[in-house]
Each structure stands twice: as structure tokens, then as C-alpha cells.
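As provided, structure.cif (mmCIF, C-alpha atoms) reads as follows.
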```cif
data_data
#
loop_
_atom_site.label_atom_id
_atom_site.label_comp_id
_atom_site.auth_asym_id
_atom_site.auth_seq_id
_atom_site.Cartn_x
_atom_site.Cartn_y
_atom_site.Cartn_z
CA MET A 1 230.28 195.98 60.49
CA ARG A 2 230.09 198.71 63.12
CA ARG A 3 227.24 198.28 65.61
CA VAL A 4 224.52 200.94 65.60
CA PRO A 5 224.79 203.02 68.83
CA PHE A 6 222.23 202.20 71.48
CA TRP A 7 220.72 205.70 71.54
CA VAL A 8 220.18 205.58 67.77
CA GLN A 9 218.36 202.26 68.14
CA VAL A 10 216.09 203.74 70.83
CA VAL A 11 215.34 206.85 68.74
CA ALA A 12 214.53 204.63 65.77
CA GLY A 13 212.16 202.61 67.96
CA LEU A 14 210.55 205.82 69.20
CA VAL A 15 209.99 207.20 65.69
CA LEU A 16 208.59 203.91 64.39
CA GLY A 17 206.38 203.64 67.48
CA VAL A 18 204.92 207.10 66.86
CA VAL A 19 204.14 206.17 63.27
CA LEU A 20 202.54 202.83 64.16
CA GLY A 21 200.62 204.41 67.05
CA PHE A 22 199.26 207.10 64.75
CA VAL A 23 198.19 204.46 62.22
CA ALA A 24 196.47 202.41 64.94
CA ARG A 25 194.58 205.45 66.25
CA GLN A 26 193.77 207.11 62.94
CA TYR A 27 192.52 203.96 61.19
CA GLY A 28 191.25 202.00 64.19
CA VAL A 29 193.61 199.04 63.71
CA GLY A 30 192.75 197.05 66.83
CA TRP A 31 195.30 194.26 66.41
CA LEU A 32 198.12 196.77 65.99
CA ASP A 33 197.07 198.62 69.15
CA THR A 34 196.98 195.33 71.07
CA THR A 35 200.38 194.30 69.71
CA LEU A 36 201.99 197.58 70.71
CA ASP A 37 200.46 197.32 74.18
CA THR A 38 201.73 193.75 74.59
CA ILE A 39 205.28 194.60 73.48
CA GLY A 40 205.49 197.56 75.84
CA SER A 41 203.96 195.69 78.79
CA VAL A 42 206.27 192.70 78.38
CA PHE A 43 209.34 194.94 78.29
CA VAL A 44 208.36 196.85 81.44
CA GLY A 45 207.42 193.56 83.10
CA LEU A 46 210.87 192.11 82.41
CA LEU A 47 212.56 195.20 83.83
CA THR A 48 210.34 195.22 86.89
CA ALA A 49 210.99 191.53 87.58
CA ALA A 50 214.75 192.03 87.45
CA VAL A 51 214.88 195.10 89.69
CA PRO A 52 214.27 193.48 93.14
CA PRO A 53 217.31 191.17 93.00
CA LEU A 54 219.40 194.08 91.71
CA ILE A 55 218.38 196.33 94.61
CA LEU A 56 219.03 193.61 97.19
CA THR A 57 222.43 192.51 95.90
CA ALA A 58 223.71 195.93 94.77
CA ILE A 59 222.97 197.72 98.04
CA ILE A 60 224.28 194.90 100.25
CA VAL A 61 227.54 194.82 98.29
CA SER A 62 227.85 198.61 98.10
CA VAL A 63 227.21 199.09 101.84
CA ALA A 64 229.74 196.36 102.65
CA ASN A 65 232.25 198.02 100.36
CA LEU A 66 231.80 201.34 102.15
CA ARG A 67 234.24 200.08 104.78
CA GLN A 68 236.88 200.97 102.19
CA VAL A 69 235.62 204.56 102.05
CA SER A 70 236.79 206.95 104.73
CA ASN A 71 233.77 209.29 104.63
CA ALA A 72 230.81 206.92 104.09
CA ALA A 73 228.51 208.64 106.61
CA ARG A 74 229.29 212.04 105.11
CA LEU A 75 228.51 210.70 101.61
CA ALA A 76 225.10 209.45 102.76
CA GLY A 77 224.35 212.77 104.50
CA GLN A 78 225.40 214.83 101.48
CA THR A 79 223.24 212.64 99.22
CA LEU A 80 220.14 213.19 101.35
CA LEU A 81 220.86 216.92 101.61
CA TRP A 82 221.09 217.37 97.85
CA PHE A 83 217.97 215.26 97.34
CA ALA A 84 216.15 217.75 99.59
CA ILE A 85 217.70 220.87 98.02
CA THR A 86 216.80 219.94 94.45
CA SER A 87 213.30 218.81 95.50
CA LEU A 88 212.69 222.16 97.22
CA VAL A 89 213.78 224.07 94.11
CA ALA A 90 211.59 221.87 91.89
CA VAL A 91 208.44 222.27 94.01
CA THR A 92 209.00 226.04 94.16
CA ILE A 93 209.13 226.15 90.37
CA GLY A 94 205.91 224.14 90.20
CA ILE A 95 204.12 226.51 92.60
CA VAL A 96 205.30 229.63 90.74
CA ILE A 97 204.19 228.27 87.36
CA GLY A 98 200.81 227.34 88.84
CA LEU A 99 200.31 230.81 90.32
CA VAL A 100 201.24 232.50 87.03
CA THR A 101 199.18 230.33 84.65
CA ASN A 102 196.16 229.36 86.81
CA PRO A 103 195.78 225.92 85.15
CA GLY A 104 192.55 225.07 86.99
CA ARG A 105 190.73 228.21 85.85
CA ALA A 106 191.89 227.60 82.28
CA ALA A 107 190.69 223.98 82.30
CA ASP A 108 187.63 223.20 80.19
CA ILE A 109 186.41 220.39 82.43
CA SER A 110 183.46 219.89 84.77
CA THR A 111 183.80 218.63 88.35
CA GLU A 112 180.27 217.20 88.37
CA GLY A 113 180.29 213.47 88.91
CA ALA A 114 184.02 213.39 89.54
CA THR A 115 185.04 210.29 91.47
CA PHE A 116 188.22 208.64 92.64
CA ASP A 117 188.04 205.11 93.98
CA GLY A 118 191.77 204.55 94.40
CA GLY A 119 193.69 204.45 97.66
CA SER A 120 194.83 207.59 99.37
CA GLY A 121 198.31 208.56 100.42
CA SER A 122 198.93 209.43 104.04
CA TRP A 123 201.83 210.03 106.39
CA LEU A 124 201.20 206.53 107.74
CA ASP A 125 202.31 205.23 104.32
CA PHE A 126 205.72 206.75 104.98
CA LEU A 127 206.13 204.85 108.25
CA THR A 128 204.71 201.54 107.05
CA GLY A 129 206.69 201.88 103.85
CA LEU A 130 209.92 201.80 105.83
CA VAL A 131 209.20 198.50 107.60
CA PRO A 132 209.49 195.34 105.47
CA ALA A 133 206.29 193.28 105.68
CA ASN A 134 208.35 190.16 105.00
CA PHE A 135 211.87 189.15 104.03
CA LEU A 136 211.58 190.27 100.39
CA GLY A 137 209.29 193.25 100.91
CA LEU A 138 206.57 191.55 98.87
CA ASN A 139 202.97 192.72 98.75
CA VAL A 140 200.42 190.09 97.74
CA ASP A 141 196.83 190.95 96.87
CA GLU A 142 194.11 189.94 94.42
CA GLY A 143 196.10 191.47 91.58
CA GLY A 144 199.13 189.29 92.29
CA ALA A 145 202.48 189.87 93.95
CA SER A 146 204.46 193.11 93.85
CA PHE A 147 207.41 194.47 95.77
CA ASN A 148 207.81 197.60 97.84
CA ALA A 149 211.05 199.18 96.67
CA LEU A 150 211.60 201.26 99.79
CA GLN A 151 211.17 198.24 102.06
CA LEU A 152 213.66 196.33 99.94
CA VAL A 153 216.15 199.21 100.19
CA VAL A 154 215.77 199.30 103.99
CA LEU A 155 216.19 195.53 104.18
CA ALA A 156 219.32 195.62 102.02
CA LEU A 157 220.78 198.49 104.08
CA VAL A 158 220.25 196.51 107.29
CA ILE A 159 221.83 193.36 105.86
CA GLY A 160 224.75 195.37 104.47
CA ALA A 161 225.29 197.00 107.87
CA ALA A 162 225.18 193.54 109.50
CA VAL A 163 227.85 192.32 107.09
CA LEU A 164 230.04 195.24 108.13
CA LYS A 165 229.45 194.47 111.80
CA VAL A 166 230.13 190.72 111.52
CA GLY A 167 233.33 191.26 109.54
CA GLU A 168 235.47 188.30 108.45
CA PRO A 169 232.86 185.53 109.15
CA ALA A 170 230.49 187.25 106.67
CA GLU A 171 232.98 187.09 103.77
CA PRO A 172 231.48 183.91 102.21
CA PHE A 173 228.03 185.52 102.25
CA LEU A 174 229.44 188.73 100.77
CA ASN A 175 231.25 186.80 98.03
CA PHE A 176 227.97 185.06 97.19
CA MET A 177 226.22 188.44 96.97
CA ARG A 178 228.96 189.75 94.67
CA SER A 179 228.57 186.73 92.39
CA ALA A 180 224.79 187.07 92.41
CA LEU A 181 225.12 190.79 91.57
CA SER A 182 227.29 189.99 88.55
CA VAL A 183 224.72 187.47 87.29
CA VAL A 184 221.78 189.84 87.86
CA GLN A 185 223.57 192.66 86.06
CA GLN A 186 224.24 190.44 83.05
CA VAL A 187 220.58 189.46 82.84
CA LEU A 188 219.58 193.11 83.10
CA TRP A 189 221.89 194.15 80.26
CA TRP A 190 220.22 191.53 78.07
CA ILE A 191 216.82 192.97 78.98
CA ILE A 192 217.93 196.56 78.41
CA LYS A 193 219.18 195.61 74.95
CA LEU A 194 215.49 195.07 74.14
CA ALA A 195 214.84 198.77 74.90
CA PRO A 196 214.43 199.80 71.22
CA LEU A 197 211.66 197.22 70.82
CA GLY A 198 210.16 198.18 74.17
CA THR A 199 210.27 201.84 73.16
CA LEU A 200 208.38 201.05 69.98
CA GLY A 201 205.60 199.36 71.93
CA LEU A 202 205.38 201.89 74.78
CA ILE A 203 205.37 205.08 72.71
CA GLY A 204 203.18 203.47 70.05
CA ARG A 205 200.58 202.52 72.64
CA ALA A 206 200.69 206.04 74.14
CA VAL A 207 200.09 207.68 70.75
CA SER A 208 197.35 205.19 69.91
CA GLN A 209 195.48 205.61 73.18
CA TYR A 210 195.90 209.32 73.93
CA GLY A 211 195.10 212.01 71.39
CA TRP A 212 194.78 215.78 71.61
CA ASP A 213 191.03 215.46 72.22
CA LEU A 214 191.82 213.86 75.58
CA VAL A 215 194.56 216.34 76.50
CA ALA A 216 192.80 219.52 75.29
CA PRO A 217 190.54 220.12 78.35
CA LEU A 218 193.63 220.21 80.58
CA ALA A 219 196.01 221.70 78.02
CA THR A 220 197.36 224.44 80.32
CA PHE A 221 198.02 221.95 83.12
CA THR A 222 199.76 219.57 80.69
CA VAL A 223 201.96 222.32 79.27
CA ASP A 224 202.75 223.53 82.80
CA VAL A 225 204.02 220.11 83.85
CA TYR A 226 206.24 219.83 80.78
CA VAL A 227 207.54 223.38 81.14
CA GLY A 228 208.23 222.91 84.85
CA CYS A 229 210.13 219.70 84.24
CA ALA A 230 212.03 221.30 81.36
CA ILE A 231 213.10 224.22 83.57
CA VAL A 232 214.42 221.81 86.21
CA LEU A 233 216.13 219.65 83.59
CA PHE A 234 217.68 222.32 81.41
CA VAL A 235 218.05 225.32 83.73
CA VAL A 236 218.30 224.23 87.38
CA TYR A 237 220.43 221.13 86.84
CA PRO A 238 222.90 222.89 84.51
CA LEU A 239 223.25 225.75 87.02
CA ILE A 240 224.05 223.25 89.79
CA LEU A 241 226.59 221.52 87.56
CA ARG A 242 228.27 224.79 86.55
CA ALA A 243 228.42 225.86 90.20
CA HIS A 244 230.51 222.73 90.79
CA GLY A 245 232.75 223.26 87.78
CA LEU A 246 231.12 220.54 85.67
CA SER A 247 229.97 220.76 82.06
CA PRO A 248 226.18 220.38 81.63
CA VAL A 249 226.74 219.18 78.06
CA LYS A 250 228.96 216.37 79.29
CA PHE A 251 226.41 215.46 81.95
CA PHE A 252 223.52 215.18 79.52
CA SER A 253 225.57 213.33 76.91
CA GLY A 254 226.52 210.83 79.60
CA ALA A 255 223.13 210.48 81.28
CA TRP A 256 221.01 210.74 78.12
CA PRO A 257 220.59 206.98 77.49
CA ALA A 258 218.94 206.62 80.92
CA ILE A 259 216.87 209.80 80.56
CA GLN A 260 215.69 208.65 77.15
CA LEU A 261 214.69 205.20 78.41
CA ALA A 262 212.92 206.76 81.41
CA PHE A 263 210.83 208.95 79.08
CA VAL A 264 209.45 206.03 77.12
CA SER A 265 209.28 203.40 79.89
CA ARG A 266 207.78 205.75 82.54
CA SER A 267 209.58 203.74 85.21
CA SER A 268 212.39 205.05 87.42
CA MET A 269 212.83 201.59 88.89
CA GLY A 270 212.89 199.93 85.49
CA THR A 271 215.48 202.43 84.28
CA MET A 272 217.59 202.11 87.45
CA PRO A 273 220.10 199.55 86.07
CA LEU A 274 220.91 201.82 83.13
CA THR A 275 220.97 204.92 85.36
CA GLN A 276 223.52 203.24 87.60
CA ARG A 277 225.53 202.12 84.58
CA VAL A 278 225.81 205.58 82.99
CA THR A 279 226.40 207.29 86.35
CA ASN A 280 229.42 205.09 86.85
CA ARG A 281 230.75 204.58 83.33
CA ASN A 282 229.90 207.89 81.67
CA LEU A 283 229.87 210.33 84.59
CA GLY A 284 232.79 208.93 86.59
CA VAL A 285 231.01 208.33 89.91
CA PRO A 286 232.75 205.55 91.91
CA LEU A 287 230.98 202.24 91.48
CA ASP A 288 230.51 201.55 95.20
CA TYR A 289 228.91 204.95 95.80
CA ALA A 290 226.77 204.80 92.62
CA SER A 291 225.53 201.34 93.66
CA PHE A 292 224.22 202.90 96.87
CA ALA A 293 223.03 206.34 95.73
CA VAL A 294 221.22 205.42 92.49
CA PRO A 295 218.95 202.66 93.92
CA PHE A 296 218.22 204.85 96.94
CA GLY A 297 217.44 207.78 94.63
CA ALA A 298 215.19 205.63 92.44
CA THR A 299 212.90 205.11 95.45
CA THR A 300 212.97 208.58 97.00
CA LYS A 301 214.36 211.15 94.52
CA MET A 302 211.50 212.23 92.25
CA ASP A 303 211.60 215.89 91.26
CA GLY A 304 209.03 215.27 88.54
CA CYS A 305 206.52 213.01 90.30
CA ALA A 306 206.94 214.22 93.87
CA ALA A 307 207.65 217.94 93.48
CA ILE A 308 206.59 219.66 90.24
CA TYR A 309 203.54 217.51 89.51
CA PRO A 310 201.81 217.50 92.93
CA ALA A 311 202.38 221.25 93.30
CA LEU A 312 200.75 222.01 89.95
CA ALA A 313 198.06 219.37 90.43
CA ALA A 314 197.10 220.67 93.89
CA ILE A 315 196.75 224.21 92.53
CA THR A 316 194.71 222.91 89.58
CA VAL A 317 192.37 220.87 91.80
CA ALA A 318 191.87 223.78 94.20
CA GLN A 319 190.96 226.10 91.31
CA LEU A 320 188.65 223.53 89.72
CA PHE A 321 186.69 223.27 92.95
CA GLY A 322 186.83 227.01 93.68
CA ILE A 323 189.03 226.72 96.76
CA ASP A 324 191.50 229.51 97.54
CA LEU A 325 194.95 228.50 98.78
CA GLY A 326 196.96 230.65 101.17
CA LEU A 327 200.62 230.97 102.02
CA GLN A 328 200.33 228.21 104.63
CA ASP A 329 198.97 225.84 101.96
CA TYR A 330 201.88 226.53 99.61
CA LEU A 331 204.34 225.93 102.45
CA LEU A 332 202.58 222.61 103.15
CA ILE A 333 202.92 221.64 99.47
CA ALA A 334 206.66 222.30 99.69
CA PHE A 335 206.94 220.36 102.95
CA VAL A 336 205.09 217.33 101.58
CA SER A 337 207.21 217.33 98.42
CA VAL A 338 210.54 217.46 100.25
CA ILE A 339 209.71 215.11 103.14
CA GLY A 340 206.91 212.90 101.88
CA SER A 341 208.25 211.56 98.58
CA ALA A 342 209.46 208.40 100.32
CA ALA A 343 205.81 207.56 100.99
CA THR A 344 205.37 206.96 97.25
CA ALA A 345 208.18 204.41 96.93
CA GLY A 346 207.04 201.07 95.55
CA LEU A 347 203.57 202.46 94.84
CA THR A 348 202.00 204.31 91.92
CA GLY A 349 204.31 207.22 92.64
CA ALA A 350 202.66 210.35 91.27
CA VAL A 351 199.09 209.31 92.08
CA VAL A 352 199.88 208.42 95.70
CA MET A 353 202.00 211.56 96.05
CA LEU A 354 199.08 213.64 94.76
CA THR A 355 196.59 212.03 97.15
CA LEU A 356 199.04 212.61 100.00
CA THR A 357 199.30 216.29 99.04
CA LEU A 358 195.54 216.75 98.63
CA THR A 359 194.86 214.98 101.93
CA THR A 360 197.35 217.19 103.76
CA LEU A 361 195.77 220.34 102.28
CA GLY A 362 192.21 219.12 102.84
CA LEU A 363 191.38 219.27 99.12
CA PRO A 364 188.82 216.88 97.53
CA LEU A 365 190.34 213.60 96.36
CA GLU A 366 187.83 213.57 93.50
CA GLY A 367 190.29 215.90 91.79
CA VAL A 368 192.63 212.96 91.28
CA GLY A 369 190.04 211.28 89.07
CA LEU A 370 189.86 214.37 86.88
CA LEU A 371 193.59 214.25 86.17
CA LEU A 372 194.07 210.49 85.75
CA ALA A 373 193.01 210.43 82.10
CA ILE A 374 196.15 212.26 80.93
CA ASP A 375 198.51 210.84 83.56
CA PRO A 376 200.48 208.61 81.14
CA ILE A 377 201.25 211.61 78.92
CA LEU A 378 202.54 213.56 81.93
CA ASP A 379 204.38 210.60 83.38
CA MET A 380 206.85 210.43 80.51
CA MET A 381 208.32 213.86 81.22
CA ARG A 382 208.03 213.43 85.00
CA THR A 383 210.01 210.18 84.93
CA ALA A 384 212.71 211.61 82.67
CA THR A 385 213.15 214.44 85.19
CA ASN A 386 213.25 211.96 88.08
CA VAL A 387 216.01 209.89 86.47
CA ALA A 388 218.08 212.93 85.52
CA GLY A 389 218.02 213.99 89.17
CA GLN A 390 218.95 210.48 90.29
CA ALA A 391 222.11 210.72 88.16
CA LEU A 392 222.82 214.37 88.99
CA VAL A 393 222.97 214.14 92.80
CA PRO A 394 225.58 211.33 92.98
CA THR A 395 227.65 213.21 90.40
CA VAL A 396 227.53 216.46 92.38
CA VAL A 397 228.22 214.76 95.72
CA ALA A 398 231.12 212.78 94.24
CA LYS A 399 232.56 216.03 92.88
CA ARG A 400 232.19 217.81 96.23
CA GLU A 401 233.86 214.94 98.07
CA GLY A 402 236.78 214.64 95.62
CA LEU A 403 235.66 211.20 94.39
CA LEU A 404 234.58 212.05 90.84
CA ASP A 405 236.80 210.73 88.07
CA GLU A 406 236.74 213.84 85.88
CA SER A 407 238.75 212.17 83.13
CA VAL A 408 235.76 209.86 82.68
CA TYR A 409 233.21 212.68 83.08
CA ASN A 410 234.92 214.78 80.40
CA GLY A 411 236.03 211.86 78.27
CA ARG A 412 234.65 209.94 75.34
CA ARG A 413 231.15 208.57 75.75
CA ASP A 414 230.93 204.80 75.44
CA ASP A 415 227.79 202.98 74.45
CA PRO A 416 226.28 202.07 77.86
CA LEU A 417 225.76 198.51 76.68
CA GLY A 418 229.27 198.16 75.32
CA GLY A 419 232.07 196.13 76.81
CA ALA A 420 234.25 198.84 78.32
CA PRO A 421 235.45 198.06 81.85
CA GLU A 422 233.77 199.52 84.90
CA VAL A 423 235.16 202.73 86.39
CA ARG A 424 237.48 202.16 89.31
CA GLU A 425 237.29 204.33 92.39
CA PRO A 426 239.92 207.09 92.57
CA GLU A 427 242.71 206.72 95.11
CA THR A 428 241.09 209.39 97.31
CA ALA A 429 238.12 207.10 97.91
CA ALA A 430 240.09 204.57 99.88
CA ALA A 431 240.63 204.79 103.58
#
```

Please express what this file holds, its structure, as C-alpha cells.
Amino acid sequence: MRRVPFWVQVVAGLVLGVVLGFVARQYGVGWLDTTLDTIGSVFVGLLTAAVPPLILTAIIVSVANLRQVSNAARLAGQTLLWFAITSLVAVTIGIVIGLVTNPGRAADISTEGATFDGGSGSWLDFLTGLVPANFLGLNVDEGGASFNALQLVVLALVIGAAVLKVGEPAEPFLNFMRSALSVVQQVLWWIIKLAPLGTLGLIGRAVSQYGWDLVAPLATFTVDVYVGCAIVLFVVYPLILRAHGLSPVKFFSGAWPAIQLAFVSRSSMGTMPLTQRVTNRNLGVPLDYASFAVPFGATTKMDGCAAIYPALAAITVAQLFGIDLGLQDYLLIAFVSVIGSAATAGLTGAVVMLTLTLTTLGLPLEGVGLLLAIDPILDMMRTATNVAGQALVPTVVAKREGLLDESVYNGRRDDPLGGAPEVREPETAAA
């Protein structure tokens, strides 16, 4: 019997989750709400637990393999450049939408008693976020242990560079890393196969917990975020693809499994294994380059969370508190979005990015507390936009550098969890 395609399974999980979430909310079925929450939390927890070893092994191996690529430094530079270009476009769209719709003035919400007890983002976070606190980039507090993704990326880059420098004596270590990467990837594919069940729990919990009565006071702001992300996804990205002679339809058909999972999981890091898989297998980006660019993008490339959202949120908070923003403030918003997104890596991305933006502009941090109630609803679209950008930039850079396998990009779409072989690098990639 033919296996049901992965995307169909995820859509089925999404539809069933919406139905069960509606039942739980409408009829107050507490046990169903708890069950949905548990299923979703377990799935995200499994993904999160598997990501650190993937980052460490994938980047070490990919950096070591860059010795076979003649233009490795140029690839890295082009990747960073396109991260910045697309972020600048995204934040500009967010600012324009905010100026046109005035979401803060349209909000039916009072600022009296507004509080925010969370941490604040600062430029110091960017610097401390680059330096690993320990060998595994672990953060341990009262809530348990967590990892800082950016620190882990930096650590893996350093180790990979050391492997390149040492040369032949490092081959046994590199072979071990390659074997470990293969094992980690296999475990991750098993976890990702649970995505339909995870989708059911995550979307069901969202529907159960958040209704229109919660969203209504900030309806304009909510619509603005979704519209801004949609413009970036379905206007800006297709224009960039067409400018490089690539079909937007082919891009979205190839990247859609990852975008879809990002929407329901609300985790760029959790989606990263699938993003890397589709970028290589469906979009034709060489495996060694995808193994470097996608993990790096998952920590620093966030057009939804770090560009569109903080721009709109800053304008909303300023209007809620009756503060007028000038040209200098809008330029600061753009600067923070393009340069400061790395400060959010490994943290609660959008919230820290927003506090960083508000702090830079001198706006009251109490505004964060006013927006937190609907954050999960916004985070779905933001994360989908993030992941689409994380697949887009490696594709565009590979095309510009003559590395993209266009027969794969324009070819038949395989199920990302199927058994088709990995894409090999084109001959032009070798030194």
C-alpha cells in the first residue's frame, strides 16, 4: 500500500487538532486540553533535545568539508550579506505597515497596571551570546538546563576551523564526528516522523487556549504581523527568486514541509533538521554548504521574529503610551533588526528582540507585557517566515555561486522523510 505523503499527514494532524482544540475550549473539556498540551510539549521537547548534537556535529563536519570548496570564504560572506539584505527589506515592510495602520491607536487596551517582569535584551547580550560559557554552551538555572544555540554554533565553527588547521592528524576525530552526525540525523528523522501527532497537540492547544476574545483588543496589530509576514513570504521572496532565474513555485513546493512544521511547532531550531533536509534534497543546495548555512541561519536569520515583529511592536507600544517616534527612531529600529538579531539566539527570540528594540528606543518595557498574551498566535506566522528565509538564502547564494543543482530544484519533489539519496555537490563546488 502506498504511504501517505508526509505533508498530508501533517495537514491531517492540523485539521484534527483544530477540531479537538475547539471542542476543548467550547465545552471546557479539561482533560482534552491537558492531553493536547502534553502531546505538543513532548514533541517540541524531543526536537529541542536533539538539536544541540546536530548543530555541533553538522557544523564541525561542514566546516571541515569546506576545504574541498574553492570559495568557502566568499560563500560565508554572501550568506551574511543576504541575511542582512532580506532583514532590511522585512523591517522596512514592518515599519511601513505600522505607519499606515497605526496599530497602537486602534488597540482597545489600557496601559494602566501594565507590567513586565521578564529579562531585557541589550547589546551586551550580543557579545556574551558569542562566547561559550562552557564546552557545550549550556545554561543552568532554577528552571533546569538549556543551551545557547549561538554559543554552540561559535564553538562548532572554532572546532571545525581547528580540524582544518590540524589536517591529517585530525582525521580520526573528523571520522568520529561524521559517524556521530549520521546517528544524530537518524534519530532526528524518527522524531520528525512524529510531526503529525505533534502538530495535533500544538495547534489543538493553541486553539483551546487562545480565542478571538483574547486577540480582539489587539486585532489590528495581529493582522499587521500576519500581513507583513505574508508580504515577505509571498512577494519579497518570490521576487528575489525570480531575479535569480528560479521558480518561486518550485521553491515553496520544496521548502513547504519545513515551513509547515515551523508554523505549528513555533521553533526554528526544532524545525532546523527538516529545513536542512529540504534545502539539500528538494532545493538542490550542496550538502556541505547547507549543513553550514541552515544551522547558522536558524540562530541569526529571523525575518519574522527579529524584523517585522519588533518594528510593528515598537510602533504599537509607542502609540499605546502616546510617544511620538521620529525618523531617527525608525532608523534605529532598522539597525537593531539587521544587526541585533544574533542577540536573540538561544533565548526567547521575539520577546528578547522586542525588549532590545524598546530599550534602544527608550520606550517603556511594560509594553512587552501588553503584547505577551497573544504572542503564541503571532509566533506561528513569524516562525514560518523565519524558516522560509533560512531556506531561501542558501538557495540564492548557491545559485549565485554556480553551486545549485537546478535539476534537483526543478525536479520531482520527494517526501522529505523518504529514502532517496542525499544530493551530491556539483563538480563546480570542488577545488

At a cut-off of 12 Å, can you tabulate as CSV every residue of region 223-308 of chain A near region 355-369 of chain A together with its closest atom pair and the distance in Å to one decimal, using only C-alpha atoms and ordering rows by chain then number?
```
residue,atom,partner,partner_atom,distance
A:Cys305,CA,A:Thr357,CA,11.8
A:Ala306,CA,A:Thr357,CA,9.5
A:Ala307,CA,A:Thr357,CA,10.2
A:Ile308,CA,A:Thr357,CA,11.9
```

Next item on the list: Could you tell me how far CA of Ala290 (chain A) lies from CA of Glu171 (chain A), in Å and to one decimal?
Entry: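 Value for the CA of Ala290 (chain A)-CA of Glu171 (chain A) distance: 21.8 Å.
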
Checklist line | For CA of Phe292 (chain A) and CA of Arg400 (chain A), the interatomic separation in Å (one decimal) | finding: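 Going from CA of Phe292 (chain A) over to CA of Arg400 (chain A), I get 16.9 Å.
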
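Of the residues under consideration (A:Thr35, A:Thr385, A:Gln319, A:Thr86), A:Gln319 shows the shortest atom-to-atom contact distance to Gly104 (chain A) when counting only C-alpha atoms.
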
Notebook entry, point to check: Leu75 (chain A): which residues within 10 Å, counting all atoms listed in the file, same-chain residues fewer than 2 positions away excluded, as a list in words?
Noted result: Leu66, Val69, Ser70, Asn71, Ala72, Ala73, Gly77, Gln78, Thr79, Leu80, Leu81, Tyr289, Ala293, Pro394, Val397, Ala398, Arg400 and Glu401 of chain A

Note to self: Show me, as a ChimeraX atom specification, the residues that have an atom within 12 Å of Ile191 (chain A) when counting all atoms listed in the file, minus same-chain residues fewer than 3 positions from it.
What the structure shows: /A:42-51,184-188,194-198,270-271,273-274,417

Margin query: What's the separation between CA of Phe221 (chain A) and CA of Met269 (chain A), in Å to one decimal place?
Written below: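 Between these atoms lies a distance of 25.8 Å.
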
Next item on the list: Go through A:Val63, A:Ile240, A:Val207, A:Met177 one by one, measure the shortest atom-to-atom distance of each to Val154 (chain A) using all atoms listed in the file, and give the residue with the smallest value.
Entry: A:Val63
